[in-house]
file final23.pdb (PDB, C-alpha atoms, pLDDT in the B column)
ATOM      1  CA  MET A   1     -13.654 126.824 232.313  1.00 55.00           C
ATOM      2  CA  PRO A   2     -13.451 130.129 230.409  1.00 58.00           C
ATOM      3  CA  GLN A   3     -10.183 130.846 228.656  1.00 53.00           C
ATOM      4  CA  PRO A   4      -8.398 134.056 229.649  1.00 50.00           C
ATOM      5  CA  GLN A   5      -8.351 136.845 227.106  1.00 49.00           C
ATOM      6  CA  VAL A   6      -4.930 137.449 225.615  1.00 44.00           C
ATOM      7  CA  GLN A   7      -4.157 141.006 224.648  1.00 48.00           C
ATOM      8  CA  LEU A   8      -1.770 141.366 221.751  1.00 47.00           C
ATOM      9  CA  ARG A   9       0.371 144.422 221.532  1.00 52.00           C
ATOM     10  CA  GLN A  10      -0.325 146.553 218.539  1.00 58.00           C
ATOM     11  CA  LEU A  11       2.238 145.989 215.829  1.00 70.00           C
ATOM     12  CA  PRO A  12       3.254 149.243 214.210  1.00 76.00           C
ATOM     13  CA  PRO A  13       2.468 149.280 210.484  1.00 82.00           C
ATOM     14  CA  LEU A  14       6.176 149.713 209.727  1.00 87.00           C
ATOM     15  CA  VAL A  15       6.946 146.368 211.410  1.00 86.00           C
ATOM     16  CA  VAL A  16       4.257 144.646 209.354  1.00 87.00           C
ATOM     17  CA  TRP A  17       5.655 146.197 206.159  1.00 91.00           C
ATOM     18  CA  ILE A  18       9.183 145.079 207.078  1.00 91.00           C
ATOM     19  CA  LEU A  19       8.018 141.504 207.652  1.00 91.00           C
ATOM     20  CA  TRP A  20       6.089 141.469 204.382  1.00 92.00           C
ATOM     21  CA  PHE A  21       9.062 142.895 202.480  1.00 94.00           C
ATOM     22  CA  SER A  22      11.503 140.417 204.029  1.00 94.00           C
ATOM     23  CA  LEU A  23       9.309 137.455 203.039  1.00 93.00           C
ATOM     24  CA  LEU A  24       8.963 138.878 199.535  1.00 94.00           C
ATOM     25  CA  MET A  25      12.734 139.298 199.277  1.00 96.00           C
ATOM     26  CA  SER A  26      13.249 135.701 200.410  1.00 95.00           C
ATOM     27  CA  ILE A  27      11.657 134.614 197.125  1.00 95.00           C
ATOM     28  CA  PHE A  28      14.190 136.700 195.207  1.00 96.00           C
ATOM     29  CA  PHE A  29      16.877 135.087 197.372  1.00 96.00           C
ATOM     30  CA  TYR A  30      15.655 131.658 196.212  1.00 94.00           C
ATOM     31  CA  VAL A  31      15.951 132.823 192.601  1.00 94.00           C
ATOM     32  CA  GLY A  32      19.500 133.966 193.336  1.00 94.00           C
ATOM     33  CA  ILE A  33      20.293 130.547 194.794  1.00 92.00           C
ATOM     34  CA  SER A  34      19.137 128.938 191.552  1.00 88.00           C
ATOM     35  CA  PHE A  35      21.854 130.867 189.682  1.00 90.00           C
ATOM     36  CA  VAL A  36      24.617 129.995 192.141  1.00 91.00           C
ATOM     37  CA  VAL A  37      23.924 126.434 193.301  1.00 85.00           C
ATOM     38  CA  PRO A  38      23.600 123.730 190.636  1.00 78.00           C
ATOM     39  CA  PRO A  39      20.847 121.109 190.807  1.00 75.00           C
ATOM     40  CA  VAL A  40      21.619 117.906 192.704  1.00 71.00           C
ATOM     41  CA  THR A  41      21.094 115.765 189.620  1.00 65.00           C
ATOM     42  CA  THR A  42      21.313 116.632 185.948  1.00 63.00           C
ATOM     43  CA  ALA A  43      18.366 116.557 183.612  1.00 58.00           C
ATOM     44  CA  ALA A  44      19.899 113.573 181.810  1.00 54.00           C
ATOM     45  CA  GLU A  45      20.154 111.619 185.081  1.00 58.00           C
ATOM     46  CA  SER A  46      16.617 112.311 186.177  1.00 59.00           C
ATOM     47  CA  ALA A  47      15.159 111.820 182.658  1.00 59.00           C
ATOM     48  CA  GLY A  48      11.680 112.960 183.663  1.00 66.00           C
ATOM     49  CA  GLN A  49      11.395 110.705 186.690  1.00 73.00           C
ATOM     50  CA  TYR A  50      10.190 113.678 188.735  1.00 72.00           C
ATOM     51  CA  ALA A  51       7.399 114.646 186.342  1.00 75.00           C
ATOM     52  CA  PRO A  52       4.693 113.233 188.672  1.00 81.00           C
ATOM     53  CA  LEU A  53       6.214 115.254 191.495  1.00 83.00           C
ATOM     54  CA  ARG A  54       5.933 118.370 189.322  1.00 84.00           C
ATOM     55  CA  TRP A  55       2.197 117.811 188.962  1.00 86.00           C
ATOM     56  CA  ALA A  56       1.799 117.054 192.645  1.00 91.00           C
ATOM     57  CA  PHE A  57       3.621 120.263 193.590  1.00 90.00           C
ATOM     58  CA  LEU A  58       1.492 122.191 191.120  1.00 90.00           C
ATOM     59  CA  GLY A  59      -1.609 120.824 192.849  1.00 93.00           C
ATOM     60  CA  VAL A  60      -0.238 121.709 196.282  1.00 94.00           C
ATOM     61  CA  GLY A  61       0.591 125.202 195.008  1.00 93.00           C
ATOM     62  CA  LEU A  62      -2.959 125.659 193.749  1.00 94.00           C
ATOM     63  CA  LEU A  63      -4.304 124.455 197.094  1.00 95.00           C
ATOM     64  CA  LEU A  64      -2.043 126.903 198.953  1.00 93.00           C
ATOM     65  CA  THR A  65      -3.211 129.716 196.663  1.00 93.00           C
ATOM     66  CA  VAL A  66      -6.867 128.993 197.360  1.00 93.00           C
ATOM     67  CA  MET A  67      -6.174 128.690 201.075  1.00 92.00           C
ATOM     68  CA  SER A  68      -4.310 132.004 201.097  1.00 89.00           C
ATOM     69  CA  PHE A  69      -7.495 133.720 199.945  1.00 89.00           C
ATOM     70  CA  LEU A  70      -9.786 131.735 202.255  1.00 87.00           C
ATOM     71  CA  PHE A  71      -7.788 131.991 205.482  1.00 83.00           C
ATOM     72  CA  PRO A  72      -8.351 135.719 206.064  1.00 80.00           C
ATOM     73  CA  ARG A  73     -12.093 135.103 205.748  1.00 80.00           C
ATOM     74  CA  LEU A  74     -11.949 132.118 208.090  1.00 82.00           C
ATOM     75  CA  LEU A  75      -9.771 133.899 210.648  1.00 79.00           C
ATOM     76  CA  ALA A  76     -11.458 137.299 210.474  1.00 75.00           C
ATOM     77  CA  ARG A  77     -13.451 136.818 213.668  1.00 74.00           C
ATOM     78  CA  ARG A  78     -10.707 134.950 215.511  1.00 75.00           C
ATOM     79  CA  ALA A  79      -7.346 136.548 214.764  1.00 75.00           C
ATOM     80  CA  ALA A  80      -5.719 139.901 214.243  1.00 76.00           C
ATOM     81  CA  PHE A  81      -4.990 141.202 210.751  1.00 78.00           C
ATOM     82  CA  PHE A  82      -1.302 140.456 211.097  1.00 80.00           C
ATOM     83  CA  VAL A  83      -1.854 136.782 211.913  1.00 83.00           C
ATOM     84  CA  ALA A  84      -4.110 136.168 208.928  1.00 83.00           C
ATOM     85  CA  TYR A  85      -1.789 137.960 206.542  1.00 86.00           C
ATOM     86  CA  LEU A  86       1.332 136.286 207.935  1.00 89.00           C
ATOM     87  CA  ILE A  87      -0.275 132.968 207.017  1.00 90.00           C
ATOM     88  CA  ARG A  88      -0.886 134.276 203.494  1.00 90.00           C
ATOM     89  CA  TRP A  89       2.747 135.317 203.151  1.00 92.00           C
ATOM     90  CA  ALA A  90       3.920 131.932 204.444  1.00 93.00           C
ATOM     91  CA  PHE A  91       1.783 130.153 201.850  1.00 94.00           C
ATOM     92  CA  ALA A  92       3.334 132.257 199.083  1.00 94.00           C
ATOM     93  CA  ASP A  93       6.811 131.464 200.394  1.00 95.00           C
ATOM     94  CA  ALA A  94       5.945 127.756 200.495  1.00 95.00           C
ATOM     95  CA  ILE A  95       5.020 127.862 196.797  1.00 95.00           C
ATOM     96  CA  ALA A  96       8.428 129.331 195.977  1.00 94.00           C
ATOM     97  CA  CYS A  97      10.101 126.631 198.112  1.00 94.00           C
ATOM     98  CA  LEU A  98       8.247 123.918 196.185  1.00 93.00           C
ATOM     99  CA  GLY A  99       9.608 125.359 192.943  1.00 92.00           C
ATOM    100  CA  LEU A 100      13.123 125.521 194.372  1.00 91.00           C
ATOM    101  CA  LEU A 101      12.879 121.883 195.408  1.00 90.00           C
ATOM    102  CA  LEU A 102      11.836 120.941 191.883  1.00 87.00           C
ATOM    103  CA  PHE A 103      14.799 122.898 190.536  1.00 87.00           C
ATOM    104  CA  PHE A 104      17.191 120.975 192.770  1.00 84.00           C
ATOM    105  CA  LEU A 105      15.651 117.718 191.554  1.00 82.00           C
ATOM    106  CA  ALA A 106      16.765 118.689 188.005  1.00 74.00           C
ATOM    107  CA  GLU A 107      13.504 120.053 186.697  1.00 78.00           C
ATOM    108  CA  PRO A 108      14.038 122.804 184.116  1.00 80.00           C
ATOM    109  CA  ALA A 109      14.739 126.240 185.573  1.00 83.00           C
ATOM    110  CA  PRO A 110      11.681 127.861 183.890  1.00 86.00           C
ATOM    111  CA  ILE A 111       9.445 125.665 186.049  1.00 87.00           C
ATOM    112  CA  PHE A 112      11.103 127.074 189.160  1.00 90.00           C
ATOM    113  CA  TYR A 113      10.761 130.611 187.791  1.00 93.00           C
ATOM    114  CA  LEU A 114       7.053 129.920 187.214  1.00 93.00           C
ATOM    115  CA  PHE A 115       6.650 128.931 190.867  1.00 94.00           C
ATOM    116  CA  ALA A 116       8.727 131.925 192.033  1.00 95.00           C
ATOM    117  CA  GLY A 117       6.712 134.352 189.884  1.00 95.00           C
ATOM    118  CA  TRP A 118       3.496 132.815 191.146  1.00 95.00           C
ATOM    119  CA  ALA A 119       4.657 133.317 194.747  1.00 95.00           C
ATOM    120  CA  ILE A 120       5.693 136.925 194.073  1.00 96.00           C
ATOM    121  CA  VAL A 121       2.288 137.750 192.584  1.00 95.00           C
ATOM    122  CA  LEU A 122       0.578 136.115 195.563  1.00 94.00           C
ATOM    123  CA  ASP A 123       2.749 138.155 197.951  1.00 94.00           C
ATOM    124  CA  LEU A 124       2.009 141.372 196.065  1.00 94.00           C
ATOM    125  CA  LEU A 125      -1.714 140.650 196.308  1.00 92.00           C
ATOM    126  CA  ALA A 126      -1.324 140.377 200.096  1.00 89.00           C
ATOM    127  CA  MET A 127       0.407 143.701 200.672  1.00 90.00           C
ATOM    128  CA  PRO A 128      -0.378 145.050 204.154  1.00 88.00           C
ATOM    129  CA  THR A 129      -1.910 148.306 202.968  1.00 85.00           C
ATOM    130  CA  ALA A 130      -4.425 150.391 204.883  1.00 83.00           C
ATOM    131  CA  GLY A 131      -7.050 149.238 202.376  1.00 84.00           C
ATOM    132  CA  ALA A 132      -6.288 145.601 203.172  1.00 82.00           C
ATOM    133  CA  ARG A 133      -6.659 146.311 206.892  1.00 81.00           C
ATOM    134  CA  THR A 134      -9.995 148.026 206.215  1.00 81.00           C
ATOM    135  CA  ARG A 135     -11.256 145.085 204.126  1.00 80.00           C
ATOM    136  CA  TYR A 136     -10.147 142.706 206.874  1.00 78.00           C
ATOM    137  CA  ALA A 137     -11.956 144.823 209.476  1.00 77.00           C
ATOM    138  CA  ASP A 138     -15.097 144.660 207.326  1.00 79.00           C
ATOM    139  CA  LEU A 139     -14.836 140.858 207.206  1.00 76.00           C
ATOM    140  CA  ALA A 140     -14.442 140.777 210.981  1.00 73.00           C
ATOM    141  CA  GLY A 141     -17.284 143.216 211.529  1.00 73.00           C
ATOM    142  CA  THR A 142     -15.124 145.615 213.528  1.00 64.00           C
ATOM    143  CA  THR A 143     -12.952 148.649 213.011  1.00 53.00           C
ATOM    144  CA  GLU A 144     -10.216 147.197 215.219  1.00 52.00           C
ATOM    145  CA  ALA A 145      -9.263 144.120 213.178  1.00 45.00           C
ATOM    146  CA  TYR A 146      -5.670 145.232 212.828  1.00 46.00           C
ATOM    147  CA  ASN A 147      -4.986 145.352 216.566  1.00 47.00           C
ATOM    148  CA  ARG A 148      -7.474 142.894 217.954  1.00 45.00           C
ATOM    149  CA  SER A 149      -6.762 139.673 219.789  1.00 42.00           C
ATOM    150  CA  ASP A 150      -8.962 136.599 219.742  1.00 37.00           C
ATOM    151  CA  ARG A 151     -12.636 137.053 220.420  1.00 37.00           C
ATOM    152  CA  PRO A 152     -14.535 134.869 222.872  1.00 34.00           C
TER     153      PRO A 152
END

call {"tool": "encode", "arguments": {"input": "final23.pdb", "output": "structure tokens"}}
result
Amino acid sequence: MPQPQVQLRQLPPLVVWILWFSLLMSIFFYVGISFVVPPVTTAAESAGQYAPLRWAFLGVGLLLTVMSFLFPRLLARRAAFFVAYLIRWAFADAIACLGLLLFFLAEPAPIFYLFAGWAIVLDLLAMPTAGARTRYADLAGTTEAYNRSDRP
């Protein structure tokens, strides 16, 4: 049975920019939280017991980074520009959240700032510019990638 075509309303570029900016600012909000809220345990209490978790989160962060560059290519023929880039922004935010979790588990603050900076750079690389929409349209093989719904 054929699936019905779903038409997505065109999102104005300003809305996409506002969403991108709000997700970028959430990372700065996490940094602000690290100055206001103390870690759950002290470094003396944890005494490096979370070091394996640090390496695991680093690996997950690297995986999310790679996926954030692959997903637009994988989704180019199936999803609108906004969907693919929203996934990229969510991956960047997840990296910052991993760093914040490490901070609350009494890892040194510079490790959290490394994760936050990493997420900010990833977000800045996924800015929703007209050039990004054009590159996405080229991947999809259409000039309507920004407004397009799923293809059959």

call {"tool": "resolve_selection", "arguments": {"input": "final23.pdb", "expression": "the PyMOL selection byres ((chain A and resi 127) around 12)", "output": "list in words"}}
result
Pro13, Val16, Trp17, Ile18, Leu19, Trp20, Phe21, Leu23, Leu24, Phe81, Phe82, Tyr85, Leu86, Arg88, Trp89, Ala92, Ile120, Val121, Leu122, Asp123, Leu124, Leu125, Ala126, Pro128, Thr129, Ala130, Gly131, Ala132 and Arg133 of chain A

call {"tool": "residues_near_point", "arguments": {"input": "final23.pdb", "point": "(4.5, 127.8, 200.0)", "cutoff": "12 Å", "atoms": "only C-alpha atoms", "output": "number ranges by chain"}}
result
A: 23-24, 26-27, 57-68, 87-101, 115-116, 118-120, 122-123

call {"tool": "closest_residue", "arguments": {"input": "final23.pdb", "among": "A:Met25, A:Tyr50, A:Leu11, A:Ile33", "to": "Leu105 in chain A", "atoms": "all atoms listed in the file"}}
result
A:Tyr50

call {"tool": "atom_distance", "arguments": {"input": "final23.pdb", "atom1": "CA of Leu139 in chain A", "atom2": "CA of Arg77 in chain A"}}
result
7.7 Å

call {"tool": "resolve_selection", "arguments": {"input": "final23.pdb", "expression": "the PyMOL selection byres ((chain A and resi 73) around 9)", "output": "mmCIF file with C-alpha atoms, keeping the file's coordinate frame"}}
result
data_model
loop_
_atom_site.group_PDB
_atom_site.id
_atom_site.type_symbol
_atom_site.label_atom_id
_atom_site.label_comp_id
_atom_site.auth_asym_id
_atom_site.auth_seq_id
_atom_site.Cartn_x
_atom_site.Cartn_y
_atom_site.Cartn_z
ATOM 1 C CA PHE A 69 -7.495 133.720 199.945
ATOM 2 C CA LEU A 70 -9.786 131.735 202.255
ATOM 3 C CA PHE A 71 -7.788 131.991 205.482
ATOM 4 C CA PRO A 72 -8.351 135.719 206.064
ATOM 5 C CA LEU A 74 -11.949 132.118 208.090
ATOM 6 C CA LEU A 75 -9.771 133.899 210.648
ATOM 7 C CA ALA A 76 -11.458 137.299 210.474
ATOM 8 C CA ARG A 77 -13.451 136.818 213.668
ATOM 9 C CA ALA A 84 -4.110 136.168 208.928
ATOM 10 C CA TYR A 136 -10.147 142.706 206.874
ATOM 11 C CA LEU A 139 -14.836 140.858 207.206
ATOM 12 C CA ALA A 140 -14.442 140.777 210.981
#

call {"tool": "atom_distance", "arguments": {"input": "final23.pdb", "atom1": "CA of Glu107 in chain A", "atom2": "CA of Val36 in chain A"}}
result
15.9 Å

call {"tool": "axis_aligned_box", "arguments": {"input": "final23.pdb", "around": "range 16-30 of chain A", "padding_each_side": "5 Å", "output": "JSON"}}
result
{"center_x": 10.6, "center_y": 138.9, "center_z": 202.3, "size_x": 22.6, "size_y": 24.5, "size_z": 24.1}

call {"tool": "atom_distance", "arguments": {"input": "final23.pdb", "atom1": "CA of Gly141 in chain A", "atom2": "CA of Ala79 in chain A"}}
result
12.4 Å
